[in-house]
Every structure is written in structure tokens, then in C-alpha cells.
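Structure file final_21.pdb (PDB, C-alpha atoms and all ligand atoms) is printed below.
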ATOM      1  CA  MET X   1      46.584 -10.244  25.928
ATOM      2  CA  LYS X   2      44.545  -7.105  26.398
ATOM      3  CA  ASN X   3      42.240  -8.028  23.503
ATOM      4  CA  TRP X   4      41.794 -11.500  24.873
ATOM      5  CA  MET X   5      40.753 -10.097  28.265
ATOM      6  CA  GLY X   6      38.378  -7.730  26.583
ATOM      7  CA  LEU X   7      36.744 -10.564  24.680
ATOM      8  CA  LEU X   8      36.423 -12.633  27.807
ATOM      9  CA  LEU X   9      34.896  -9.768  29.769
ATOM     10  CA  GLY X  10      32.491  -9.126  26.902
ATOM     11  CA  ALA X  11      31.439 -12.777  26.839
ATOM     12  CA  VAL X  12      30.890 -12.822  30.606
ATOM     13  CA  LEU X  13      28.813  -9.664  30.506
ATOM     14  CA  ALA X  14      26.730 -10.949  27.618
ATOM     15  CA  ALA X  15      25.972 -14.327  29.176
ATOM     16  CA  PRO X  16      22.644 -14.135  31.003
ATOM     17  CA  GLY X  17      22.864 -15.380  34.562
ATOM     18  CA  SER X  18      26.640 -15.049  34.795
ATOM     19  CA  LEU X  19      28.015 -13.500  37.954
ATOM     20  CA  LEU X  20      28.783 -10.154  36.401
ATOM     21  CA  ALA X  21      25.528  -9.973  34.471
ATOM     22  CA  ALA X  22      23.402 -10.723  37.524
ATOM     23  CA  LYS X  23      20.275  -9.278  35.960
ATOM     24  CA  PRO X  24      17.085 -11.283  36.496
ATOM     25  CA  LEU X  25      15.510 -12.847  33.391
ATOM     26  CA  ASN X  26      12.702 -10.718  32.045
ATOM     27  CA  VAL X  27       9.715 -13.060  31.607
ATOM     28  CA  PHE X  28       6.245 -12.316  30.219
ATOM     29  CA  THR X  29       3.392 -14.806  30.285
ATOM     30  CA  THR X  30       0.005 -14.519  28.611
ATOM     31  CA  THR X  31      -1.896 -15.521  31.762
ATOM     32  CA  ALA X  32      -1.633 -14.961  35.508
ATOM     33  CA  ASP X  33      -1.490 -18.677  36.353
ATOM     34  CA  LEU X  34       1.664 -19.134  34.250
ATOM     35  CA  ALA X  35       3.184 -15.988  35.807
ATOM     36  CA  ASP X  36       2.585 -17.417  39.261
ATOM     37  CA  VAL X  37       4.416 -20.633  38.355
ATOM     38  CA  VAL X  38       7.344 -18.634  36.920
ATOM     39  CA  ARG X  39       7.461 -16.598  40.135
ATOM     40  CA  ALA X  40       7.446 -19.760  42.255
ATOM     41  CA  VAL X  41      10.239 -21.441  40.281
ATOM     42  CA  GLY X  42      12.277 -18.377  39.330
ATOM     43  CA  GLY X  43      12.226 -16.438  42.610
ATOM     44  CA  GLU X  44      14.411 -13.332  42.563
ATOM     45  CA  ARG X  45      16.260 -14.572  39.466
ATOM     46  CA  VAL X  46      13.285 -13.609  37.300
ATOM     47  CA  ARG X  47      11.155 -10.551  36.783
ATOM     48  CA  VAL X  48       7.762 -11.797  35.618
ATOM     49  CA  GLU X  49       4.592 -10.122  34.452
ATOM     50  CA  SER X  50       1.363 -11.499  33.006
ATOM     51  CA  LEU X  51       0.014  -9.780  29.896
ATOM     52  CA  SER X  52      -3.573 -10.478  31.014
ATOM     53  CA  LYS X  53      -5.266 -10.280  34.400
ATOM     54  CA  GLY X  54      -6.938 -13.228  36.091
ATOM     55  CA  TYR X  55     -10.328 -11.550  35.715
ATOM     56  CA  GLN X  56      -9.984 -11.246  31.930
ATOM     57  CA  ASP X  57     -11.169 -13.837  29.422
ATOM     58  CA  ALA X  58      -7.840 -15.174  28.120
ATOM     59  CA  HIS X  59      -9.467 -15.964  24.780
ATOM     60  CA  PHE X  60     -10.211 -12.298  24.152
ATOM     61  CA  VAL X  61      -7.591  -9.805  25.321
ATOM     62  CA  GLU X  62      -6.995  -6.560  23.489
ATOM     63  CA  ALA X  63      -3.593  -6.569  21.752
ATOM     64  CA  LYS X  64      -2.664  -3.092  22.999
ATOM     65  CA  PRO X  65       0.497  -1.336  21.761
ATOM     66  CA  SER X  66       1.595  -0.976  25.416
ATOM     67  CA  LEU X  67       1.815  -4.783  25.642
ATOM     68  CA  ILE X  68       3.959  -4.881  22.484
ATOM     69  CA  VAL X  69       6.335  -2.377  24.097
ATOM     70  CA  LYS X  70       6.631  -4.613  27.180
ATOM     71  CA  LEU X  71       7.612  -7.598  25.033
ATOM     72  CA  MET X  72      10.462  -5.677  23.399
ATOM     73  CA  SER X  73      12.551  -6.255  26.534
ATOM     74  CA  ALA X  74      11.506  -9.887  27.159
ATOM     75  CA  ASP X  75      14.065 -12.680  27.535
ATOM     76  CA  LEU X  76      11.289 -15.271  27.693
ATOM     77  CA  PHE X  77       7.686 -15.335  26.513
ATOM     78  CA  ILE X  78       5.396 -18.128  27.738
ATOM     79  CA  GLN X  79       1.915 -18.858  26.436
ATOM     80  CA  THR X  80      -0.725 -21.443  27.377
ATOM     81  CA  GLY X  81      -1.093 -22.528  23.755
ATOM     82  CA  LEU X  82      -3.750 -24.765  22.176
ATOM     83  CA  GLU X  83      -4.973 -21.481  20.689
ATOM     84  CA  LEU X  84      -6.180 -20.090  24.039
ATOM     85  CA  GLU X  85      -4.528 -16.745  23.211
ATOM     86  CA  ALA X  86      -4.371 -17.200  19.438
ATOM     87  CA  GLY X  87      -6.388 -14.040  18.833
ATOM     88  CA  TRP X  88      -3.898 -11.687  20.473
ATOM     89  CA  ALA X  89      -0.594 -13.215  21.669
ATOM     90  CA  THR X  90       0.878 -13.848  18.211
ATOM     91  CA  VAL X  91       0.192 -10.236  17.227
ATOM     92  CA  LEU X  92       2.059  -9.027  20.316
ATOM     93  CA  VAL X  93       5.074 -11.328  19.912
ATOM     94  CA  GLN X  94       5.491 -10.525  16.224
ATOM     95  CA  GLY X  95       4.833  -6.833  16.834
ATOM     96  CA  SER X  96       7.637  -6.668  19.407
ATOM     97  CA  ARG X  97      10.210  -7.629  16.725
ATOM     98  CA  ASN X  98      12.182  -9.098  19.640
ATOM     99  CA  SER X  99      14.152 -11.940  18.038
ATOM    100  CA  ARG X 100      14.733 -13.623  21.438
ATOM    101  CA  ILE X 101      11.022 -14.531  21.805
ATOM    102  CA  GLN X 102       9.874 -15.383  18.279
ATOM    103  CA  LEU X 103       8.376 -18.820  17.564
ATOM    104  CA  GLY X 104      11.218 -21.361  17.611
ATOM    105  CA  ALA X 105      13.657 -19.105  19.532
ATOM    106  CA  PRO X 106      14.976 -20.198  22.962
ATOM    107  CA  GLY X 107      12.899 -17.428  24.573
ATOM    108  CA  TYR X 108       9.570 -18.722  23.232
ATOM    109  CA  LEU X 109       7.795 -21.368  25.274
ATOM    110  CA  ASP X 110       4.411 -22.888  24.535
ATOM    111  CA  ALA X 111       3.527 -24.497  27.873
ATOM    112  CA  SER X 112       0.991 -26.857  26.291
ATOM    113  CA  SER X 113       3.949 -28.861  24.959
ATOM    114  CA  ALA X 114       4.303 -30.217  28.514
ATOM    115  CA  VAL X 115       0.763 -31.608  28.854
ATOM    116  CA  LYS X 116      -1.538 -34.121  27.197
ATOM    117  CA  PRO X 117      -4.463 -32.104  25.805
ATOM    118  CA  LEU X 118      -8.063 -33.250  26.159
ATOM    119  CA  GLU X 119     -10.761 -32.932  23.489
ATOM    120  CA  VAL X 120      -8.504 -32.665  20.445
ATOM    121  CA  PRO X 121     -11.020 -32.605  17.575
ATOM    122  CA  GLN X 122     -10.688 -34.944  14.606
ATOM    123  CA  ASN X 123     -11.699 -32.176  12.212
ATOM    124  CA  PRO X 124     -11.031 -28.718  13.669
ATOM    125  CA  ASP X 125     -13.762 -26.340  12.556
ATOM    126  CA  ARG X 126     -12.789 -22.713  13.078
ATOM    127  CA  ALA X 127     -15.440 -21.566  10.633
ATOM    128  CA  MET X 128     -18.080 -22.199  13.269
ATOM    129  CA  GLY X 129     -16.301 -19.786  15.625
ATOM    130  CA  ASP X 130     -15.209 -22.555  17.982
ATOM    131  CA  VAL X 131     -12.347 -21.159  20.072
ATOM    132  CA  HIS X 132     -10.993 -24.633  20.982
ATOM    133  CA  PRO X 133      -9.878 -25.933  17.581
ATOM    134  CA  GLY X 134      -6.630 -27.474  18.886
ATOM    135  CA  GLY X 135      -8.064 -29.275  21.912
ATOM    136  CA  ASN X 136      -9.187 -27.847  25.246
ATOM    137  CA  PRO X 137      -6.694 -25.174  26.398
ATOM    138  CA  HIS X 138      -7.891 -24.847  30.025
ATOM    139  CA  TYR X 139      -5.421 -27.431  31.357
ATOM    140  CA  MET X 140      -4.000 -25.278  34.163
ATOM    141  CA  LEU X 141      -7.041 -26.136  36.301
ATOM    142  CA  ASP X 142      -5.589 -29.620  36.810
ATOM    143  CA  PRO X 143      -2.780 -29.312  39.381
ATOM    144  CA  GLU X 144      -1.040 -32.332  37.825
ATOM    145  CA  ASN X 145      -0.658 -30.309  34.631
ATOM    146  CA  VAL X 146       0.685 -27.374  36.632
ATOM    147  CA  ARG X 147       3.382 -29.711  37.923
ATOM    148  CA  LEU X 148       4.377 -30.651  34.347
ATOM    149  CA  VAL X 149       4.347 -27.015  33.263
ATOM    150  CA  ALA X 150       6.475 -25.990  36.273
ATOM    151  CA  ARG X 151       9.090 -28.588  35.293
ATOM    152  CA  GLU X 152       9.123 -27.321  31.715
ATOM    153  CA  ILE X 153       9.489 -23.723  32.915
ATOM    154  CA  ALA X 154      12.352 -24.681  35.264
ATOM    155  CA  LYS X 155      14.082 -26.426  32.363
ATOM    156  CA  ARG X 156      13.718 -23.394  30.120
ATOM    157  CA  LEU X 157      14.843 -20.893  32.792
ATOM    158  CA  SER X 158      17.903 -23.078  33.400
ATOM    159  CA  SER X 159      18.820 -23.198  29.733
ATOM    160  CA  LEU X 160      18.523 -19.403  29.492
ATOM    161  CA  SER X 161      20.443 -18.880  32.722
ATOM    162  CA  PRO X 162      22.613 -21.985  33.328
ATOM    163  CA  ALA X 163      24.397 -20.446  36.326
ATOM    164  CA  ASP X 164      21.065 -20.418  38.177
ATOM    165  CA  SER X 165      19.978 -23.956  37.341
ATOM    166  CA  ALA X 166      20.604 -25.357  40.846
ATOM    167  CA  PHE X 167      18.601 -22.460  42.279
ATOM    168  CA  PHE X 168      15.674 -23.137  39.913
ATOM    169  CA  ARG X 169      15.835 -26.883  40.609
ATOM    170  CA  GLU X 170      15.580 -26.319  44.349
ATOM    171  CA  ARG X 171      12.644 -23.937  43.998
ATOM    172  CA  LEU X 172      10.904 -26.361  41.633
ATOM    173  CA  GLY X 173      11.288 -29.070  44.279
ATOM    174  CA  ASN X 174       9.712 -26.829  46.930
ATOM    175  CA  PHE X 175       6.881 -25.900  44.579
ATOM    176  CA  GLU X 176       6.148 -29.552  43.818
ATOM    177  CA  VAL X 177       5.986 -30.354  47.545
ATOM    178  CA  ARG X 178       3.451 -27.555  48.075
ATOM    179  CA  LEU X 179       1.494 -28.691  45.036
ATOM    180  CA  GLU X 180       1.374 -32.260  46.308
ATOM    181  CA  GLU X 181       0.160 -31.155  49.763
ATOM    182  CA  ASN X 182      -2.513 -28.917  48.303
ATOM    183  CA  LEU X 183      -3.682 -31.495  45.773
ATOM    184  CA  ARG X 184      -4.124 -34.065  48.545
ATOM    185  CA  LYS X 185      -6.184 -31.566  50.549
ATOM    186  CA  TRP X 186      -8.314 -30.538  47.524
ATOM    187  CA  LYS X 187      -9.032 -34.165  46.609
ATOM    188  CA  GLU X 188     -10.138 -34.878  50.186
ATOM    189  CA  ARG X 189     -12.483 -31.885  50.141
ATOM    190  CA  MET X 190     -13.998 -32.900  46.803
ATOM    191  CA  GLU X 191     -14.231 -36.640  47.520
ATOM    192  CA  PRO X 192     -17.782 -36.529  49.026
ATOM    193  CA  PHE X 193     -19.014 -34.995  45.744
ATOM    194  CA  ARG X 194     -17.531 -37.582  43.379
ATOM    195  CA  GLY X 195     -19.896 -38.057  40.437
ATOM    196  CA  ALA X 196     -21.752 -34.762  41.032
ATOM    197  CA  ARG X 197     -23.081 -33.165  37.840
ATOM    198  CA  PHE X 198     -22.596 -29.567  36.774
ATOM    199  CA  VAL X 199     -23.059 -27.182  33.876
ATOM    200  CA  SER X 200     -20.526 -24.507  32.953
ATOM    201  CA  TYR X 201     -20.931 -21.347  30.916
ATOM    202  CA  HIS X 202     -17.893 -22.098  28.753
ATOM    203  CA  ARG X 203     -16.266 -25.487  28.241
ATOM    204  CA  ASN X 204     -13.309 -24.656  30.488
ATOM    205  CA  LEU X 205     -13.554 -27.296  33.218
ATOM    206  CA  PRO X 206     -12.871 -30.736  31.675
ATOM    207  CA  TYR X 207      -9.416 -31.007  33.304
ATOM    208  CA  PHE X 208     -10.758 -29.834  36.669
ATOM    209  CA  ALA X 209     -13.743 -32.190  36.414
ATOM    210  CA  ASP X 210     -11.540 -35.182  35.524
ATOM    211  CA  ARG X 211      -9.147 -34.541  38.398
ATOM    212  CA  PHE X 212     -11.843 -34.023  41.028
ATOM    213  CA  GLY X 213     -14.459 -36.520  39.871
ATOM    214  CA  LEU X 214     -17.200 -34.184  38.602
ATOM    215  CA  ILE X 215     -19.358 -34.846  35.538
ATOM    216  CA  SER X 216     -20.146 -32.136  32.988
ATOM    217  CA  VAL X 217     -23.689 -32.158  31.616
ATOM    218  CA  GLY X 218     -23.189 -29.305  29.148
ATOM    219  CA  GLU X 219     -22.458 -25.637  28.634
ATOM    220  CA  VAL X 220     -24.504 -22.454  28.425
ATOM    221  CA  GLU X 221     -22.594 -21.697  25.212
ATOM    222  CA  PRO X 222     -23.699 -23.995  22.358
ATOM    223  CA  LYS X 223     -20.022 -24.154  21.281
ATOM    224  CA  PRO X 224     -16.910 -22.631  22.879
ATOM    225  CA  GLY X 225     -16.989 -18.915  22.076
ATOM    226  CA  ILE X 226     -20.549 -18.910  20.653
ATOM    227  CA  PRO X 227     -23.211 -16.968  22.632
ATOM    228  CA  PRO X 228     -26.239 -18.898  23.977
ATOM    229  CA  THR X 229     -29.314 -19.396  21.803
ATOM    230  CA  ALA X 230     -32.912 -19.909  22.967
ATOM    231  CA  ALA X 231     -33.110 -23.440  21.526
ATOM    232  CA  HIS X 232     -29.824 -24.533  23.105
ATOM    233  CA  THR X 233     -30.784 -23.039  26.488
ATOM    234  CA  ALA X 234     -34.156 -24.822  26.467
ATOM    235  CA  ASP X 235     -32.443 -28.114  25.686
ATOM    236  CA  LEU X 236     -29.864 -27.530  28.444
ATOM    237  CA  ILE X 237     -32.592 -26.790  31.006
ATOM    238  CA  GLY X 238     -34.351 -30.026  30.018
ATOM    239  CA  ARG X 239     -31.184 -32.056  30.541
ATOM    240  CA  MET X 240     -30.425 -30.328  33.845
ATOM    241  CA  LYS X 241     -33.895 -31.154  35.176
ATOM    242  CA  ALA X 242     -33.672 -34.761  33.987
ATOM    243  CA  GLU X 243     -30.241 -35.231  35.572
ATOM    244  CA  LYS X 244     -30.988 -33.113  38.684
ATOM    245  CA  VAL X 245     -28.031 -30.764  38.116
ATOM    246  CA  GLY X 246     -27.597 -28.358  41.048
ATOM    247  CA  LEU X 247     -24.524 -26.391  39.947
ATOM    248  CA  ILE X 248     -23.799 -23.831  37.209
ATOM    249  CA  ILE X 249     -20.200 -22.580  37.015
ATOM    250  CA  THR X 250     -19.415 -19.304  35.264
ATOM    251  CA  GLN X 251     -16.825 -16.511  35.073
ATOM    252  CA  PRO X 252     -17.209 -12.792  35.817
ATOM    253  CA  TYR X 253     -16.631 -11.836  32.167
ATOM    254  CA  TYR X 254     -19.703 -13.711  30.885
ATOM    255  CA  GLU X 255     -23.160 -12.144  30.898
ATOM    256  CA  ASP X 256     -25.028 -13.236  34.007
ATOM    257  CA  ARG X 257     -28.551 -13.140  32.583
ATOM    258  CA  SER X 258     -28.488 -16.663  31.088
ATOM    259  CA  PRO X 259     -26.988 -18.434  34.134
ATOM    260  CA  ALA X 260     -29.425 -16.590  36.433
ATOM    261  CA  SER X 261     -32.416 -17.519  34.288
ATOM    262  CA  ILE X 262     -31.314 -21.165  33.976
ATOM    263  CA  ALA X 263     -30.716 -21.302  37.742
ATOM    264  CA  LYS X 264     -34.208 -19.934  38.377
ATOM    265  CA  GLN X 265     -35.795 -22.582  36.165
ATOM    266  CA  THR X 266     -33.781 -25.515  37.524
ATOM    267  CA  GLY X 267     -33.131 -24.595  41.168
ATOM    268  CA  ALA X 268     -29.376 -24.811  40.555
ATOM    269  CA  THR X 269     -26.800 -22.557  42.264
ATOM    270  CA  VAL X 270     -24.545 -20.274  40.219
ATOM    271  CA  VAL X 271     -20.867 -20.309  41.252
ATOM    272  CA  VAL X 272     -18.346 -17.789  39.929
ATOM    273  CA  PHE X 273     -15.085 -19.648  39.379
ATOM    274  CA  SER X 274     -11.829 -17.707  38.951
ATOM    275  CA  MET X 275      -9.778 -19.115  36.071
ATOM    276  CA  ALA X 276      -6.439 -17.654  37.191
ATOM    277  CA  PRO X 277      -4.914 -15.854  40.166
ATOM    278  CA  SER X 278      -5.654 -12.134  40.481
ATOM    279  CA  GLY X 279      -9.169 -12.823  39.249
ATOM    280  CA  GLU X 280     -12.269 -11.835  41.154
ATOM    281  CA  PRO X 281     -13.312 -13.715  43.228
ATOM    282  CA  GLY X 282     -10.326 -15.908  43.927
ATOM    283  CA  GLY X 283      -6.852 -15.686  45.353
ATOM    284  CA  SER X 284      -3.620 -13.900  44.552
ATOM    285  CA  ASP X 285      -1.633 -17.044  43.712
ATOM    286  CA  TYR X 286      -2.372 -20.437  42.165
ATOM    287  CA  PHE X 287      -2.884 -22.176  45.513
ATOM    288  CA  SER X 288      -5.157 -19.597  47.134
ATOM    289  CA  ASN X 289      -7.097 -19.197  43.895
ATOM    290  CA  MET X 290      -7.772 -22.927  43.630
ATOM    291  CA  ASP X 291      -8.599 -22.994  47.346
ATOM    292  CA  ALA X 292     -11.278 -20.361  46.821
ATOM    293  CA  ASN X 293     -12.675 -22.142  43.743
ATOM    294  CA  ILE X 294     -12.823 -25.538  45.411
ATOM    295  CA  GLU X 295     -14.470 -24.057  48.472
ATOM    296  CA  SER X 296     -17.227 -22.352  46.467
ATOM    297  CA  VAL X 297     -17.870 -25.437  44.301
ATOM    298  CA  ARG X 298     -17.908 -27.678  47.368
ATOM    299  CA  ARG X 299     -20.307 -25.392  49.222
ATOM    300  CA  ALA X 300     -22.730 -25.215  46.287
ATOM    301  CA  LEU X 301     -22.707 -28.987  45.810
ATOM    302  CA  ALA X 302     -23.256 -29.527  49.527
ATOM    303  CA  ALA X 303     -26.214 -27.152  49.434
ATOM    304  CA  ALA X 304     -27.632 -28.935  46.375
ATOM    305  CA  ALA X 305     -27.284 -32.272  48.125
ATOM    306  CA  GLY X 306     -28.935 -30.878  51.248
ATOM    307  CA  THR X 307     -25.897 -31.732  53.364
ATOM    308  CA  LYS X 308     -24.778 -28.201  54.081
TER     309      LYS X 308
HETATM  310 ZN    ZN X 401     -11.959 -21.806  26.225
END
Since I need it in another form, could you write the structure as C-alpha cells?
Amino acid sequence: MKNWMGLLLGAVLAAPGSLLAAKPLNVFTTTADLADVVRAVGGERVRVESLSKGYQDAHFVEAKPSLIVKLMSADLFIQTGLELEAGWATVLVQGSRNSRIQLGAPGYLDASSAVKPLEVPQNPDRAMGDVHPGGNPHYMLDPENVRLVAREIAKRLSSLSPADSAFFRERLGNFEVRLEENLRKWKERMEPFRGARFVSYHRNLPYFADRFGLISVGEVEPKPGIPPTAAHTADLIGRMKAEKVGLIITQPYYEDRSPASIAKQTGATVVVFSMAPSGEPGGSDYFSNMDANIESVRRALAAAAGTK
């Protein structure tokens, strides 16, 4: 009898999310946008941290030993996938030797499994240095994808902590309501600019452009991850003039010389767009970050159209 009780107690203590083992799930995400979704869905039943900051280029983060140490205690690791973090996340996960979060384990989640990727190449060509060989990984800028990712995260949190599944389901519901309200508002604000053309430094806005009716004319980079060349820049300027493009979107981690020079030659406005919360400029969570981005894009397009 005593042994049986001991076994039972052991099982209860070992089960994550059980009443006795009321320790929050320890979650690490590669990016700040995913961390914000985990926070929204998981509430106080998770402890979540992003391995990169919103102001960092998620393609190129240094795989520091301190990040490996963090992952040693993770119950769940979530990445954007589509090779966004291919250069550093795999090194960290493998380096942690934490069996709970290795590829294929219940504590490993590739969020891209929840979305339909855009721009999946027929013949991926990594040799050219293209950092988007598996399709475009910047899908979190479409709020509809964030909804799908939030559902996937709720499902995974529930399977890791079944006792909390009703709690996660309720928080997911609340998050989806907020998302719906915000999306309606953002679409209304962008509606007057439907069909407006823009150029971006890196090809990171196809999902955003599709959702909000903007048309991409090209990028400052000749290919994702490849620095600008004189010939490519001259060609881009020619197209921008021909198509009267008034907006260049960039990120703080790209050099600002090229966008400034292109803006000077075309009369376009440069907007700094924050890819994830905790970036600069931008907001501290997904909603406020997107709010700030949409406001700066909208203002620049209004100025370009002379309807300020
Ligand atoms: Zn990219």
C-alpha cells in the first residue's frame, strides 16, 4: 500500500500542470512576436522568454552560450521556421542537450506548420546566399496567421499541461476576439491606400502587403540576405520613378545609406517598420507594435498622395 501511494505521489509530482506540480511551463521562443502570443494564451501558467529582441534581425542572431544555458530548462521551444532562424536556433536547441525540446519531441514546435507559406521556391538556391529558401518566413505580419499560430500554441500548451487546457482555451478565445477587433480597425485605416506601391529593404512584407492591399515593387536587397549593388539600386530607382513609388520600408538593423539615397532620388519617404514587439520604434506587444507600424505606413502613404 505504501509503495503504491509513493508511486502515485511520484506520478502526480512528475506530471506537468497537475495540482501538486503547479509550476508554470517554461517556454522559449526565437522571436518576440511568438513570445507575445504565448504570453497572451498561456497567462500565468507559462513563463516565456524570447531568445531574440524585436530590434534584432531574426535571420542573424548570435548563438551565444548564455542562450544555450537558458534552453536547458525549457519545457517548450517554439520557432518561426521556414529557415528564418536556421543560422542560430538549431545550434542552440542541439547545444542545450535538453531532450524535451529536440526536433520531433513534444516540446519542439515549428509555428510555420500552422500557416500556408508564400513564395515557396521551385528550386531552392542557398548557394546564392538567399535566406528564404523554404518560402517567405515573415508570416507573423499577417494577423490571420497570428490567429492560426495562437491556436497551434494553445493546442501544444494543452498537450503539455492537460490540467490547464480549459484555461488556455479561454485565453485563446479572448485573444482571438482582440485580434479580430484590431484587424477590423487596421483594415479600415489601410483601406484608402489599397493598391499603393512600396519598396522594402528586405523581402519581409508579402504577407502584410497581401492582407492590407499594398503592392510591392521590389527590394533594396537584390535577393533576401544579399547587400545592395549599384546596378540593382539603379534599376530599382528607375522602376520606382516609373511607378511613382512614394514609400520605402526598412528596419533599424539595415544600413540607412541606401534607403536615404534612393529616397533622395525618387522623392519617396523612408518608414522604419518594427518586425516584432520590443523593437524600436514600435510597441511592447503584438497589437501596439502593429498599431505603430500601420500608423507610420499610413502617414507616409497619405503624405505621398498629398492627402495628409
Ligand atoms: Zn527574411
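Nearest to ligand ZN 401 (chain X) of all the residues X:Glu221, X:Glu49, X:Glu243, X:Glu152 is X:Glu221, counting only C-alpha atoms and all ligand atoms.
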*Give as number ranges by chain the residues surrounding ligand ZN 401 (chain X) up to a distance of 7 Å, considering all atoms listed in the file.*
X: 59, 84, 131-132, 136-138, 202-204, 224
Kindly export the residues of the current selection with C-alpha atoms, as a PDB file, in the frame of the given file.
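Saved to out_7.pdb:
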ATOM      1  CA  HIS X  59      -9.467 -15.964  24.780  1.00  0.00           C
ATOM      2  CA  LEU X  84      -6.180 -20.090  24.039  1.00  0.00           C
ATOM      3  CA  VAL X 131     -12.347 -21.159  20.072  1.00  0.00           C
ATOM      4  CA  HIS X 132     -10.993 -24.633  20.982  1.00  0.00           C
ATOM      5  CA  ASN X 136      -9.187 -27.847  25.246  1.00  0.00           C
ATOM      6  CA  PRO X 137      -6.694 -25.174  26.398  1.00  0.00           C
ATOM      7  CA  HIS X 138      -7.891 -24.847  30.025  1.00  0.00           C
ATOM      8  CA  HIS X 202     -17.893 -22.098  28.753  1.00  0.00           C
ATOM      9  CA  ARG X 203     -16.266 -25.487  28.241  1.00  0.00           C
ATOM     10  CA  ASN X 204     -13.309 -24.656  30.488  1.00  0.00           C
ATOM     11  CA  PRO X 224     -16.910 -22.631  22.879  1.00  0.00           C
TER      12      PRO X 224
END
For range 76-80 of chain X, please output as a compact mmCIF listing (two decimals) with C-alpha atoms, in the coordinates of the input all residues within 6 Å (counting all atoms listed in the file; exclusion window: fewer than 3 positions along the same chain).
# COMPACT_ATOMS: atom_id res chain seq x y z
CA VAL X 27 9.72 -13.06 31.61
CA PHE X 28 6.24 -12.32 30.22
CA THR X 29 3.39 -14.81 30.28
CA THR X 30 0.00 -14.52 28.61
CA ILE X 101 11.02 -14.53 21.80
CA GLY X 107 12.90 -17.43 24.57
CA TYR X 108 9.57 -18.72 23.23
CA LEU X 109 7.80 -21.37 25.27
CA ASP X 110 4.41 -22.89 24.54
CA ALA X 111 3.53 -24.50 27.87
CA SER X 112 0.99 -26.86 26.29
Closest contacts (range 82-154 of chain X/range 289-293 of chain X, max 12 Å, all atoms listed in the file) as a Markdown table:
| residue | atom | partner | partner_atom | distance |
| --- | --- | --- | --- | --- |
| X:Met140 | CA | X:Met290 | CA | 10.5 |
| X:Leu141 | CA | X:Met290 | CA | 8.0 |
| X:Asp142 | CA | X:Met290 | CA | 9.8 |
| X:Pro143 | CA | X:Met290 | CA | 9.2 |
| X:Val146 | CA | X:Met290 | CA | 11.8 |
*asked:* I'd like the residues picked by the PyMOL selection byres (((chain X and resi 33-46) around 6) and not hetatm) written out as a ChimeraX atom specification, using the chain letters and numbers from the file.
replied: /X:24-25,29,31-32,47,50,168,171-172,276-277
*Quote the spacing between CA of Ser284 in chain X and CA of Glu176 in chain X in Å to one decimal place.*
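Here the two named atoms are 18.5 Å from each other.
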*May I ask for the distance between CA of Ala209 in chain X and CA of Tyr286 in chain X, given in Å to one decimal place?*
17.3 Å
*Resolved residues for the PyMOL selection byres (((chain X and resi 245) around 7) and not hetatm) as a ChimeraX atom specification*: /X:197-198,240-241,243-244,246-247,268
Restrict the calculation to only C-alpha atoms, then for each residue of range 36-71 of chain X with any atom at most 9 Å from an atom of range 250-254 of chain X give the closest atom pair and their distance in Å to one decimal, rows by chain and rising residue number, as CSV.
residue,atom,partner,partner_atom,distance
X:Tyr55,CA,X:Pro252,CA,7.0
X:Gln56,CA,X:Tyr253,CA,6.7
X:Asp57,CA,X:Tyr253,CA,6.4
_Two-atom distance - CA of Lys185 in chain X, CA of Leu214 in chain X (Å)_ = 16.5 Å
_Calculated over only C-alpha atoms, which of the candidates X:Ala154, X:Arg299, X:Ala260, X:Gly87 has the smallest distance to Ala166 in chain X?_
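With only C-alpha atoms as the atom set, the closest residue is X:Ala154.
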*Which is closest to Pro133 in chain X among X:Glu180, X:Asp235, X:Asp210, X:Glu119, if we use only C-alpha atoms?*
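Under the stated criterion, the closest residue is X:Glu119.
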*For each of X:Gly225, X:Asn182, X:Leu236, X:Asn174, take the minimum atom-to-atom distance to Phe60 in chain X, counting all atoms listed in the file, then give the residue where this is smallest.*
X:Gly225
*Counting all atoms listed in the file, select every polymer residue within 12 Å of (-31.1, -15.0, 29.5) as defined in the file's coordinates, and provide the selection as a list of chain:residue names.*
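Selection result: X:Val220, X:Glu221, X:Pro227, X:Pro228, X:Thr229, X:Ala230, X:Ala231, X:His232, X:Thr233, X:Ala234, X:Ile237, X:Tyr254, X:Glu255, X:Asp256, X:Arg257, X:Ser258, X:Pro259, X:Ala260, X:Ser261, X:Ile262, X:Ala263, X:Lys264, X:Gln265.
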*Explicit residue set for the PyMOL selection byres (((chain X and resi 65) around 12) and not hetatm), as a count of residues only*: 19
